[in-house]
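Have a look at the structure below, then the notes.
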Amino acid sequence: MPWDEGLVNSLVYDRPDPREGRVISYVQAINEALALALEHEPDVFVLGQGVDDPSAMFGTTKGLQTRFGPARVFDTPLSEEGMMGVSTGAAMNGMRPVFMHNRPDFVLLAFNQLVTHAAKFHFMDNGETTVPMVVWAAIGRGWGSGAQHSQAIQGMLLGVPGLKIVMPSTPYDAKGLLLSAILDDNPVCVFEHRWLMRKDGVVPEGIYRVPIGKGICRREGRDITIVGASHAIELGLQAAKLLADEGIDAEVIDLRTVKPMDEEIVLASLRKTGRIVAVDTAWKKGGVCAEIGCLAAEKGYASLKAPVARVGLPDIPTPAGYTLEQFYYPGADQIAEAARRLVRPDHVI
Amino acid sequence: MPWDEGLVNSLVYDRPDPREGRVISYVQAINEALALALEHEPDVFVLGQGVDDPSAMFGTTKGLQTRFGPARVFDTPLSEEGMMGVSTGAAMNGMRPVFMHNRPDFVLLAFNQLVTHAAKFHFMDNGETTVPMVVWAAIGRGWGSGAQHSQAIQGMLLGVPGLKIVMPSTPYDAKGLLLSAILDDNPVCVFEHRWLMRKDGVVPEGIYRVPIGKGICRREGRDITIVGASHAIELGLQAAKLLADEGIDAEVIDLRTVKPMDEEIVLASLRKTGRIVAVDTAWKKGGVCAEIGCLAAEKGYASLKAPVARVGLPDIPTPAGYTLEQFYYPGADQIAEAARRLVRPDHVI
Amino acid sequence: MLRIRRVEEEIERRYNQDQMKTPIHLVIGQEATAVGCCAALRESDLLYCSHRTHGVYLAKGGDLRAMLCEMHCRVNGCAGSRGGSMHLIDKRVGMAGTSAIVGGAVPIAVGAALAAAMKAEGRVVAVFLGDATVEEGVTSESLNFAALKRLPVIFFCENNFYSVQSPLSTRQPARVIHEWAATYGIAAVAVDGVNVLAVQSATADAVERARTGGGPTFIEAPVYRFRAHGGAGDDSHTGYRDVAEREAWEQVCPIRLFDEYLQDTGILNASAVEAMEQGIAAEIDDAFAFALASPDPTEEDLYRHVYAPDPTR
Amino acid sequence: MLRIRRVEEEIERRYNQDQMKTPIHLVIGQEATAVGCCAALRESDLLYCSHRTHGVYLAKGGDLRAMLCEMHCRVNGCAGSRGGSMHLIDKRVGMAGTSAIVGGAVPIAVGAALAAAMKAEGRVVAVFLGDATVEEGVTSESLNFAALKRLPVIFFCENNFYSVQSPLSTRQPARVIHEWAATYGIAAVAVDGVNVLAVQSATADAVERARTGGGPTFIEAPVYRFRAHGGAGDDSHTGYRDVAEREAWEQVCPIRLFDEYLQDTGILNASAVEAMEQGIAAEIDDAFAFALASPDPTEEDLYRHVYAPDPTR
Ligand SMILES: Cc1ncc(C[n+]2csc(CCOP(=O)(O)OP(=O)(O)O)c2C)c(N)n1
Ligand SMILES: Cc1ncc(C[n+]2csc(CCOP(=O)(O)OP(=O)(O)O)c2C)c(N)n1
Ligand SMILES: [Mg+2]
Ligand SMILES: [Mg+2]
């Protein structure tokens, strides 16, 4: 097994309780969502580089072409901008494309079509056109691929009107949010995280939808709010455990969708705890962390008992090497430390 | 004269005092910076769609090709991504390209080269390569061009490590910051604003540099800080005048560069006033407004006497029609109103 | 063609009155491409284009009143005053979408053709693009995919030799555009862009090919715009092109050529033309009056259609 | 070629020991293109490429120790452990830059050629690209600009018929890649990619053309990678390509072909080859040992070179 696959496999997650329902992996949950959408929605099709190849987009598209045929599940040329436009045009004309990318970096080639076309046509056409499409991509971490293959771009897209951005953190959400994204009549970016893909979880069979634009409380707490989405929430929950050992009771809010952002759930938690750490898988400058932090100071000011803190990537391109990556990526420790400083300002490390 | 040109010409700005020095327009200041750079730096060249045509990129490139020849000032094919790569490659090999765009929207076609290549090579090459290039674009407003020709993209780029982003607000800065950008050894985006282009100002002759990464206080005040860059500062100063009439003393901080951001000047002002309105020419969600607001709550929390406020574009694509534009774009009134609410929370409109 | 010409002349005449607060890109001189192409399409076929919208919008059957309302920024404009002149649409007649980004509409049209093929609707999609649009990488990507999947799409390239004020020679090496397109395995032809019947017939061949599963066609049509790239009036005096060049092209005005042909062959006579002119003039008067009397949008209109509503609710 | 082959075989052999925590893209089977091309270039000429870096890096004269240090994530790697295997550079010998983004290096190489032309350095720039790279619009844009300005650049297209595990037929219509390139007014040729002398000679022609102001050349060379797209070992068994197809190509292994030629013509004999093998083996042992003994980067290293310092300070 290549070292990076091994790394993902070696990550340890809480084991779900099988008495609560059927347990499958995150990758299987995505695969199931795609299969159900293809089965029940004749207008859905899945495209992307290698969706029909043996590695099947991290396994998420496994078996789909065999089952639904090459007209509905197909490989594409290496033409990200062109194929984003093709997806947009198909979506404008009655189809529901799901355009999958190995890395968010490749979506940058298609920003013109995504940002200036797909996101804007419904508005520009005075509501006459809808653009029901999904742009899916997997954020990398610890795969040694460096600055050009490890970007997380949710922050860049946060300000784009007309887009929705979904970032699941559990197998349940991966399936339910992807189904919602596919059934939504707007362009929805679904950003997955490579390090969540081997996580198992309880996932119901059949179609269900997790609503876009609504967050969820993953852990109740009184002292501080940790808020973010995707793999940052996994780390946030680990941090909450560390903090619990020290008597700090952290609440963990999973936004599930970063755009539209569920402001109310953040503000409600802040009213309770008075303190907030914004966490994200991307750079902390600009982007999701900044939006959450600003929101807290803008609409939650009266509740704030301490400065806001953010934990994300430093303002540095992603290094390729393994050792440098260890210094680069924040983990649960960094989140816990940020929380500690807010709850116990006199605390010295 | 076309109506949109007429509109820009009809904007009223403070008249500079000619006793303070030579008065020229904003466009002339840019033209002069380009001419000086071409004259004194043999490695500088200027490229972009129509830089040599009669309209000369809003007049900013007027006469340059005649003076410096078609090898150093030239028109390009309609290939934004390709020409961004060409600029990057030339910059990596001893040249200093200035790549000019009519609209920031067109830079979106080249995000892959700008974000994933130009901004990252110096880091990826372990410092062995420098990428001294300028990407220049003019943000539109009120020109009826709608959602696809009016985007301001500084917020999208704020999180990109390795980039610098400059947004001048005066003719003096337009020249001095552009010269700094051209002489800088990193990729620098210079975003101008269409509505500043007919503004006059006192501008020294010859080469001078306005430092990148340093803000400036445009107006001292005790009660509230208005902070931003580019045309938003013009509006901020107008708002400060309105507020002064009501006895509210606003300080106006011009960031000049939004990345790297001069955090200290913002925090120092906040320590004095305790209140802050972040203003930007782009969308207020995500982006520059969010970064400023978050910064205030993160590092300026102890000074904050009121919620932070932001004034930027609503989360809506830019409409094309004139009437809708009036509802869409914030003006000095909106900034003043935001300030009023913070200084006098009991104030009712 | 005459109708398009007269509409644009009236737009041009009134433009500097500043009541149409919208950029304009006139097609005066280029009417034969729009009309010839659309004559070969069915109403249910789709048409996409770029910023230069007026000709194809009207040729495809777009509503003149709705167009002028859009250009006057009225709420009942064809895009509710949200799209502007670069974004004229009329879905009812297959005027499906435009992009103000050069090349932006090209892959979208291919996507529309993919949808048509998937839904087996027998629909053909045409997309207008300029000579400069060929320089955008996405055009190559679009040709490649359309050829690969043999999609029912027609790439209609109006080669007017300029991009804004930049001549072809500063943007492309000397080569023949449609020969380039042919290397994608696409049927590629050149047609005289001022001859409406030739355009119609070339397009009809392409439509036939597309409808019978023969895949895409690339049509290159040399044409010339008699006016500036944008705005009212010509701008040749600014020096980027020769006035003589324009004057030479004016000699092959597509409308005069067709008029001569029709009158020579006896299909039309002077009084029929006169009747046409009167009908058009009346229609134009009505449409301008209608637009000017139409209401402006309100602030509430701004907030509409940012997101499409959840279809399940 | 032999050296490249042996280096990669050793990398492959050790890869699953997990000490090289970096993705790899082996060129085993494709050595003749890198070597033949670089043999026609001067050290001061520049070379750019994409993710598949090992062959060109070594052929251009890149330092083996620095390469293996980079692959072992050591601070003295050729990119300081910041670039990884997809970003091997050695500026000293003109290994100028690579991009992990397919097509990313193509316009950059054209820009380097523009700089060379502007500075009149007599320098030639070559860029390696794969068959799939042709599908990226930016490649078209790059060809167009290079042709327009007649820049001294060589587009070297290694057509190995696959992009990761996707065959050409799912990505491009049936057509001949270099014929497409020719329509940009670029000299375009095909050359047998497993024949190192043929590659060298085709490149030499292109270099001559570039150096004498004749502009760019596009060279298409059919080749085959014997291993998986990435990682160690072959992956034909997963079913995306025929094992028989690979085996047929292995019959035309560029190294064996050249070895046979050299021995047939008496230029080389078995003992000379054996001496070569020994020299290479020793060098490889040394370089791996050096890499493994080299220090890891520290946290401070991470913060370096985000921005270049102000040159005036
Ligand atoms: C991506 C992009 N780059 C630049 C522009 C500015 N622009 C608008 S129209 C135009 C000319 C396009 O020329 P062509 O495609 O030949 O069409 P024509 O105007 O001649 O009909 C340009 C450069 C744009 N709208 N989009
Ligand atoms: C823009 C972009 N899209 C997708 C990828 C993923 N990717 C990496 S290598 C590769 C295959 C490229 O094929 P080709 O250009 O033929 O080169 P080869 O690997 O065959 O040498 C792909 C698709 C990428 N790196 N960049
Ligand atoms: Mg043109
Ligand atoms: Mg290949």
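Just remember, in the structure tokens the first chain shown is A, the second B, etc., residues are 1-based per chain, and ligands are 1-based in the order shown.
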
With the cut-off set at 12 Å and counting only C-alpha atoms, tabulate each residue of stretch 77-165 of chain B with an atom at most that distance from an atom of stretch 301-317 of chain B, showing the nearest atom pair and its distance in Å to one decimal, ordered by chain and increasing number, as CSV.
residue,atom,partner,partner_atom,distance
B:Arg141,CA,B:Leu313,CA,11.4
B:Ser145,CA,B:Pro317,CA,11.6
B:Gly146,CA,B:Pro317,CA,8.0
B:Ala147,CA,B:Pro317,CA,5.4
B:Gln148,CA,B:Pro317,CA,8.6
B:His149,CA,B:Pro317,CA,10.6
B:Ser150,CA,B:Pro317,CA,9.1
B:Gln151,CA,B:Pro317,CA,8.6
B:Ala152,CA,B:Leu313,CA,9.9
B:Gly155,CA,B:Gly312,CA,11.2

Written selection (N, CA and C atoms) as a compact mmCIF listing (two decimals), in the first residue's frame:
# COMPACT_ATOMS: atom_id res chain seq x y z
N ARG B 141 -18.01 50.08 -11.58
CA ARG B 141 -19.20 50.41 -10.79
C ARG B 141 -20.05 51.32 -11.64
N SER B 145 -22.75 47.04 -16.67
CA SER B 145 -22.23 45.83 -17.28
C SER B 145 -22.62 44.56 -16.54
N GLY B 146 -23.19 44.72 -15.38
CA GLY B 146 -23.80 43.58 -14.72
C GLY B 146 -22.83 42.61 -14.08
N ALA B 147 -23.41 41.44 -13.76
CA ALA B 147 -22.77 40.47 -12.88
C ALA B 147 -21.43 39.96 -13.40
N GLN B 148 -21.24 39.96 -14.70
CA GLN B 148 -20.03 39.33 -15.25
C GLN B 148 -18.91 40.33 -15.55
N HIS B 149 -19.17 41.60 -15.29
CA HIS B 149 -18.15 42.60 -15.61
C HIS B 149 -17.94 43.58 -14.46
N SER B 150 -18.37 43.22 -13.28
CA SER B 150 -18.29 44.19 -12.19
C SER B 150 -17.78 43.60 -10.89
N GLN B 151 -17.18 42.41 -10.97
CA GLN B 151 -16.75 41.78 -9.73
C GLN B 151 -15.48 42.43 -9.18
N ALA B 152 -15.42 42.47 -7.87
CA ALA B 152 -14.19 42.88 -7.18
C ALA B 152 -13.69 41.62 -6.48
N GLY B 155 -11.27 39.91 -2.15
CA GLY B 155 -11.65 39.00 -1.06
C GLY B 155 -11.33 37.56 -1.40

Using only C-alpha atoms and a cut-off of 8 Å, which residues of chain B sit close to chain A? Please list them as a compact mmCIF listing (two decimals) with N, CA and C atoms, in the first residue's frame.
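Writing the result to iface.txt gives the following:
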# COMPACT_ATOMS: atom_id res chain seq x y z
N ASP B 105 -12.92 40.61 -13.40
CA ASP B 105 -13.61 39.38 -13.84
C ASP B 105 -12.73 38.54 -14.75
N PHE B 106 -11.94 39.21 -15.57
CA PHE B 106 -11.13 38.46 -16.54
C PHE B 106 -9.96 37.75 -15.85
N LEU B 108 -10.29 36.08 -13.25
CA LEU B 108 -10.81 34.79 -12.79
C LEU B 108 -10.46 33.67 -13.77
N LEU B 109 -10.35 33.99 -15.04
CA LEU B 109 -9.96 32.97 -16.02
C LEU B 109 -8.55 32.47 -15.76
N ALA B 110 -7.78 33.26 -15.03
CA ALA B 110 -6.36 32.97 -14.86
C ALA B 110 -6.01 32.62 -13.41
N PHE B 111 -7.01 32.25 -12.63
CA PHE B 111 -6.73 31.95 -11.22
C PHE B 111 -5.76 30.79 -11.06
N ASN B 112 -5.84 29.82 -11.93
CA ASN B 112 -4.92 28.70 -11.80
C ASN B 112 -3.47 29.17 -11.91
N THR B 116 -2.10 29.29 -8.19
CA THR B 116 -1.42 28.00 -8.01
C THR B 116 -0.02 27.99 -8.62
N HIS B 117 0.32 29.01 -9.36
CA HIS B 117 1.65 29.07 -9.95
C HIS B 117 2.40 30.33 -9.50
N LYS B 120 3.00 30.78 -5.81
CA LYS B 120 3.60 29.67 -5.06
C LYS B 120 5.02 29.31 -5.47
N PHE B 123 8.05 30.00 -3.03
CA PHE B 123 8.07 29.05 -1.91
C PHE B 123 8.46 27.65 -2.37
N MET B 124 7.80 27.17 -3.41
CA MET B 124 8.05 25.80 -3.88
C MET B 124 9.49 25.62 -4.35
N ALA B 147 -23.41 41.44 -13.76
CA ALA B 147 -22.77 40.47 -12.88
C ALA B 147 -21.43 39.96 -13.40
N GLN B 148 -21.24 39.96 -14.70
CA GLN B 148 -20.03 39.33 -15.25
C GLN B 148 -18.91 40.33 -15.55
N GLY B 155 -11.27 39.91 -2.15
CA GLY B 155 -11.65 39.00 -1.06
C GLY B 155 -11.33 37.56 -1.40
N MET B 156 -11.47 37.21 -2.66
CA MET B 156 -11.18 35.83 -3.06
C MET B 156 -9.70 35.52 -2.93
N LEU B 157 -8.88 36.55 -3.09
CA LEU B 157 -7.43 36.33 -3.13
C LEU B 157 -6.76 36.58 -1.77
N LEU B 158 -7.53 37.07 -0.83
CA LEU B 158 -6.96 37.47 0.47
C LEU B 158 -6.27 36.32 1.18
N GLY B 159 -6.81 35.13 1.02
CA GLY B 159 -6.26 33.97 1.71
C GLY B 159 -5.11 33.30 0.97
N VAL B 160 -4.73 33.83 -0.17
CA VAL B 160 -3.71 33.15 -0.98
C VAL B 160 -2.30 33.54 -0.51
N PRO B 161 -1.59 32.59 0.08
CA PRO B 161 -0.22 32.91 0.52
C PRO B 161 0.66 33.25 -0.67
N GLY B 162 1.54 34.19 -0.48
CA GLY B 162 2.51 34.53 -1.53
C GLY B 162 2.09 35.68 -2.42
N TRP B 283 -17.96 42.24 -1.99
CA TRP B 283 -18.99 41.68 -1.13
C TRP B 283 -18.55 41.70 0.32
N LYS B 284 -19.52 41.96 1.21
CA LYS B 284 -19.11 42.07 2.61
C LYS B 284 -18.96 40.70 3.25
N LYS B 285 -19.61 39.69 2.71
CA LYS B 285 -19.43 38.35 3.26
C LYS B 285 -18.07 37.82 2.80
N GLY B 286 -17.38 37.17 3.72
CA GLY B 286 -16.03 36.72 3.38
C GLY B 286 -15.19 37.94 3.07
N GLY B 287 -14.01 37.75 2.59
CA GLY B 287 -13.24 38.85 2.03
C GLY B 287 -12.71 39.86 3.03
N VAL B 288 -12.48 41.06 2.50
CA VAL B 288 -11.75 42.08 3.25
C VAL B 288 -12.51 42.55 4.47
N ALA B 290 -14.69 40.98 6.25
CA ALA B 290 -14.70 39.92 7.26
C ALA B 290 -13.35 39.83 7.94
N GLU B 291 -12.29 39.96 7.16
CA GLU B 291 -10.94 39.87 7.73
C GLU B 291 -10.71 41.01 8.73
N ILE B 292 -11.12 42.19 8.35
CA ILE B 292 -10.94 43.34 9.25
C ILE B 292 -11.78 43.14 10.52
N GLY B 293 -13.02 42.74 10.33
CA GLY B 293 -13.91 42.54 11.48
C GLY B 293 -13.38 41.47 12.42
N CYS B 294 -12.88 40.40 11.84
CA CYS B 294 -12.36 39.31 12.65
C CYS B 294 -11.09 39.76 13.38
N LEU B 295 -10.25 40.47 12.68
CA LEU B 295 -9.03 41.01 13.29
C LEU B 295 -9.35 41.85 14.52
N ALA B 297 -11.88 41.64 16.45
CA ALA B 297 -12.36 40.82 17.56
C ALA B 297 -11.28 39.88 18.09
N GLU B 298 -10.31 39.61 17.26
CA GLU B 298 -9.25 38.67 17.63
C GLU B 298 -8.13 39.37 18.38
N LYS B 299 -7.65 40.46 17.80
CA LYS B 299 -6.50 41.13 18.40
C LYS B 299 -6.85 42.49 19.00
N GLY B 300 -8.08 42.94 18.75
CA GLY B 300 -8.46 44.24 19.28
C GLY B 300 -9.63 44.15 20.25
N TYR B 301 -9.91 42.94 20.69
CA TYR B 301 -11.10 42.71 21.53
C TYR B 301 -11.15 43.64 22.73
N ALA B 302 -10.00 43.81 23.35
CA ALA B 302 -9.98 44.60 24.58
C ALA B 302 -10.40 46.05 24.32
N ALA B 306 -18.14 48.35 20.97
CA ALA B 306 -19.40 48.15 20.24
C ALA B 306 -19.19 47.03 19.23
N PRO B 307 -20.25 46.50 18.68
CA PRO B 307 -20.08 45.49 17.63
C PRO B 307 -19.27 46.06 16.47
N VAL B 308 -18.64 45.18 15.69
CA VAL B 308 -18.03 45.66 14.45
C VAL B 308 -19.14 45.74 13.40
N ALA B 309 -18.95 46.61 12.45
CA ALA B 309 -19.93 46.71 11.36
C ALA B 309 -19.18 46.61 10.04
N ASP B 315 -25.05 40.05 -0.54
CA ASP B 315 -24.74 38.72 -1.09
C ASP B 315 -25.61 38.45 -2.33
N ILE B 316 -25.43 39.27 -3.33
CA ILE B 316 -26.27 39.26 -4.54
C ILE B 316 -25.34 39.55 -5.73
N PRO B 317 -25.54 38.88 -6.86
CA PRO B 317 -24.75 39.26 -8.04
C PRO B 317 -25.05 40.70 -8.44
N PRO B 319 -26.42 43.61 -10.39
CA PRO B 319 -27.42 43.77 -11.45
C PRO B 319 -26.88 44.70 -12.53

Identify which of the residues A:His101, A:Arg96, A:Arg194, A:Arg72 lies closest to ligand 2, counting only C-alpha atoms and all ligand atoms when measuring atom-to-atom distances.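 Nearest to ligand 2: A:His101.
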
Excluding stretch 296-313 of chain D and its own-chain neighbours fewer than 5 positions away, which residues fall within 10 Å of it when counting only C-alpha atoms? Please give them as a ChimeraX atom specification. /A:314-319,321-328 /B:119-132,161-164,180,183-187,212 /D:69,72-77,80-82,291

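Residues of stretch 209-250 of chain B that DSSP places in strand (DSSP E or B), based on the backbone of this structure, are Ile216, Cys217, Arg218, Arg219, Ile224, Thr225, Ile226, Val227, Gly228 and Ala250 of chain B.
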
Name the residues in contact with D:Ser142 at a cut-off of 9 Å, using only C-alpha atoms, excluding same-chain residues fewer than 2 positions from it; report them as a PDB file with N, CA, C and O atoms, in the first residue's frame.
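Listed below is the output, part.pdb:
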ATOM      1  N   SER B  79      -6.439  35.410 -24.160  1.00  0.00           N
ATOM      2  CA  SER B  79      -6.007  34.166 -23.533  1.00  0.00           C
ATOM      3  C   SER B  79      -5.520  34.504 -22.132  1.00  0.00           C
ATOM      4  O   SER B  79      -4.324  34.506 -21.852  1.00  0.00           O
ATOM      5  N   GLY B  82      -3.435  31.733 -20.341  1.00  0.00           N
ATOM      6  CA  GLY B  82      -2.164  31.566 -21.040  1.00  0.00           C
ATOM      7  C   GLY B  82      -1.230  32.744 -20.811  1.00  0.00           C
ATOM      8  O   GLY B  82      -0.054  32.579 -20.508  1.00  0.00           O
ATOM      9  N   MET B  83      -1.770  33.953 -20.931  1.00  0.00           N
ATOM     10  CA  MET B  83      -0.905  35.122 -20.794  1.00  0.00           C
ATOM     11  C   MET B  83      -0.484  35.330 -19.341  1.00  0.00           C
ATOM     12  O   MET B  83       0.572  35.906 -19.078  1.00  0.00           O
ATOM     13  N   GLY B  85       0.260  32.823 -17.452  1.00  0.00           N
ATOM     14  CA  GLY B  85       1.376  31.896 -17.393  1.00  0.00           C
ATOM     15  C   GLY B  85       2.605  32.449 -18.099  1.00  0.00           C
ATOM     16  O   GLY B  85       3.732  32.314 -17.605  1.00  0.00           O
ATOM     17  N   VAL B  86       2.383  33.075 -19.223  1.00  0.00           N
ATOM     18  CA  VAL B  86       3.500  33.689 -19.951  1.00  0.00           C
ATOM     19  C   VAL B  86       4.151  34.765 -19.071  1.00  0.00           C
ATOM     20  O   VAL B  86       5.381  34.845 -18.957  1.00  0.00           O
TER      21      VAL B  86
ATOM     22  N   GLY C 137      -8.730  29.416 -24.492  1.00  0.00           N
ATOM     23  CA  GLY C 137      -8.505  27.983 -24.397  1.00  0.00           C
ATOM     24  C   GLY C 137      -9.785  27.179 -24.289  1.00  0.00           C
ATOM     25  O   GLY C 137      -9.879  26.058 -24.786  1.00  0.00           O
TER      26      GLY C 137
ATOM     27  N   VAL D 106       3.188  24.797 -19.296  1.00  0.00           N
ATOM     28  CA  VAL D 106       3.270  25.102 -20.732  1.00  0.00           C
ATOM     29  C   VAL D 106       3.353  26.611 -21.004  1.00  0.00           C
ATOM     30  O   VAL D 106       4.304  27.073 -21.655  1.00  0.00           O
ATOM     31  N   PRO D 107       2.413  27.416 -20.489  1.00  0.00           N
ATOM     32  CA  PRO D 107       2.553  28.855 -20.746  1.00  0.00           C
ATOM     33  C   PRO D 107       3.766  29.450 -20.025  1.00  0.00           C
ATOM     34  O   PRO D 107       4.329  30.448 -20.482  1.00  0.00           O
ATOM     35  N   ILE D 108       4.145  28.835 -18.921  1.00  0.00           N
ATOM     36  CA  ILE D 108       5.309  29.341 -18.183  1.00  0.00           C
ATOM     37  C   ILE D 108       6.568  29.167 -19.032  1.00  0.00           C
ATOM     38  O   ILE D 108       7.417  30.066 -19.103  1.00  0.00           O
ATOM     39  N   ALA D 109       6.658  28.048 -19.713  1.00  0.00           N
ATOM     40  CA  ALA D 109       7.792  27.831 -20.607  1.00  0.00           C
ATOM     41  C   ALA D 109       7.761  28.851 -21.750  1.00  0.00           C
ATOM     42  O   ALA D 109       8.803  29.373 -22.157  1.00  0.00           O
ATOM     43  N   VAL D 110       6.572  29.137 -22.238  1.00  0.00           N
ATOM     44  CA  VAL D 110       6.460  30.142 -23.301  1.00  0.00           C
ATOM     45  C   VAL D 110       6.914  31.507 -22.775  1.00  0.00           C
ATOM     46  O   VAL D 110       7.603  32.269 -23.467  1.00  0.00           O
ATOM     47  N   GLY D 137      -7.113  23.856 -22.258  1.00  0.00           N
ATOM     48  CA  GLY D 137      -7.197  25.021 -23.125  1.00  0.00           C
ATOM     49  C   GLY D 137      -5.927  25.860 -23.120  1.00  0.00           C
ATOM     50  O   GLY D 137      -5.556  26.463 -24.130  1.00  0.00           O
ATOM     51  N   VAL D 138      -5.258  25.882 -21.984  1.00  0.00           N
ATOM     52  CA  VAL D 138      -4.075  26.728 -21.893  1.00  0.00           C
ATOM     53  C   VAL D 138      -2.981  26.275 -22.851  1.00  0.00           C
ATOM     54  O   VAL D 138      -2.146  27.085 -23.260  1.00  0.00           O
ATOM     55  N   THR D 139      -2.995  25.014 -23.217  1.00  0.00           N
ATOM     56  CA  THR D 139      -1.996  24.544 -24.173  1.00  0.00           C
ATOM     57  C   THR D 139      -2.242  25.199 -25.536  1.00  0.00           C
ATOM     58  O   THR D 139      -1.305  25.658 -26.197  1.00  0.00           O
ATOM     59  N   SER D 140      -3.485  25.281 -25.933  1.00  0.00           N
ATOM     60  CA  SER D 140      -3.826  26.005 -27.160  1.00  0.00           C
ATOM     61  C   SER D 140      -3.386  27.457 -27.074  1.00  0.00           C
ATOM     62  O   SER D 140      -2.798  28.004 -28.010  1.00  0.00           O
ATOM     63  N   ASN D 144      -0.646  29.286 -29.498  1.00  0.00           N
ATOM     64  CA  ASN D 144      -1.029  30.470 -30.256  1.00  0.00           C
ATOM     65  C   ASN D 144      -0.057  31.619 -30.022  1.00  0.00           C
ATOM     66  O   ASN D 144       0.427  32.253 -30.960  1.00  0.00           O
ATOM     67  N   PHE D 145       0.249  31.859 -28.759  1.00  0.00           N
ATOM     68  CA  PHE D 145       1.128  32.996 -28.463  1.00  0.00           C
ATOM     69  C   PHE D 145       2.561  32.728 -28.921  1.00  0.00           C
ATOM     70  O   PHE D 145       3.227  33.621 -29.469  1.00  0.00           O
ATOM     71  N   ALA D 146       3.023  31.511 -28.722  1.00  0.00           N
ATOM     72  CA  ALA D 146       4.387  31.169 -29.143  1.00  0.00           C
ATOM     73  C   ALA D 146       4.529  31.320 -30.661  1.00  0.00           C
ATOM     74  O   ALA D 146       5.537  31.825 -31.162  1.00  0.00           O
ATOM     75  N   ALA D 147       3.494  30.896 -31.380  1.00  0.00           N
ATOM     76  CA  ALA D 147       3.532  31.007 -32.841  1.00  0.00           C
ATOM     77  C   ALA D 147       3.474  32.471 -33.263  1.00  0.00           C
ATOM     78  O   ALA D 147       4.217  32.912 -34.141  1.00  0.00           O
TER      79      ALA D 147
END

Chain C near ligand 3 within 7 Å: what's each residue's closest atom pair and its distance in Å to one decimal, counting only C-alpha atoms and all ligand atoms, ordered by chain then ascending residue number, as a tab-separated table?
residue	atom	partner	partner_atom_place_in_ligand_line	distance
C:Gly130	CA	ligand 3	1 (Mg)	4.5
C:Asp131	CA	ligand 3	1 (Mg)	4.6
C:Ala132	CA	ligand 3	1 (Mg)	5.5
C:Glu158	CA	ligand 3	1 (Mg)	6.9
C:Asn159	CA	ligand 3	1 (Mg)	5.6
C:Asn160	CA	ligand 3	1 (Mg)	4.5
C:Phe161	CA	ligand 3	1 (Mg)	5.2
C:Tyr162	CA	ligand 3	1 (Mg)	4.2
C:Ser163	CA	ligand 3	1 (Mg)	4.5

Determine, counting only C-alpha atoms, which protein, DNA and RNA residues have an atom within 9 Å of an atom of C:Asp205; residues of the same chain fewer than 4 positions away are not included. Present the result as an NGL selection string. :C and (40 or 200-201 or 209-210 or 217)

So which residues of stretch 92-304 of chain B fall under helix (DSSP H, G or I) by DSSP, listed as a ChimeraX atom specification? /B:104-118,121-124,146-148,154-157,171-183,194-196,231-245,263-273,287-299,301-303

Give as a PyMOL selection string every residue of chain C that touches chain D within 10 Å, counting only C-alpha atoms. chain C and resi 134-150+169-186

Env of stretch 220-224 of chain A: 10 Å cut, atoms = only C-alpha atoms, seq-sep filter 4 positions within chain, self excluded. Answer as a list in words.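 Near neighbours after the sequence-gap exclusion: Ala240, Ala244, Gly247, Ile248, Asp249, Ala250, Glu251, Val252, Ile253, Ser269, Leu270, Arg271, Lys272, Thr273, Gly274, Arg275, Ile276, Val277, Lys305, Ala306, Ala339, Arg340, Leu342 and Val343 of chain A.
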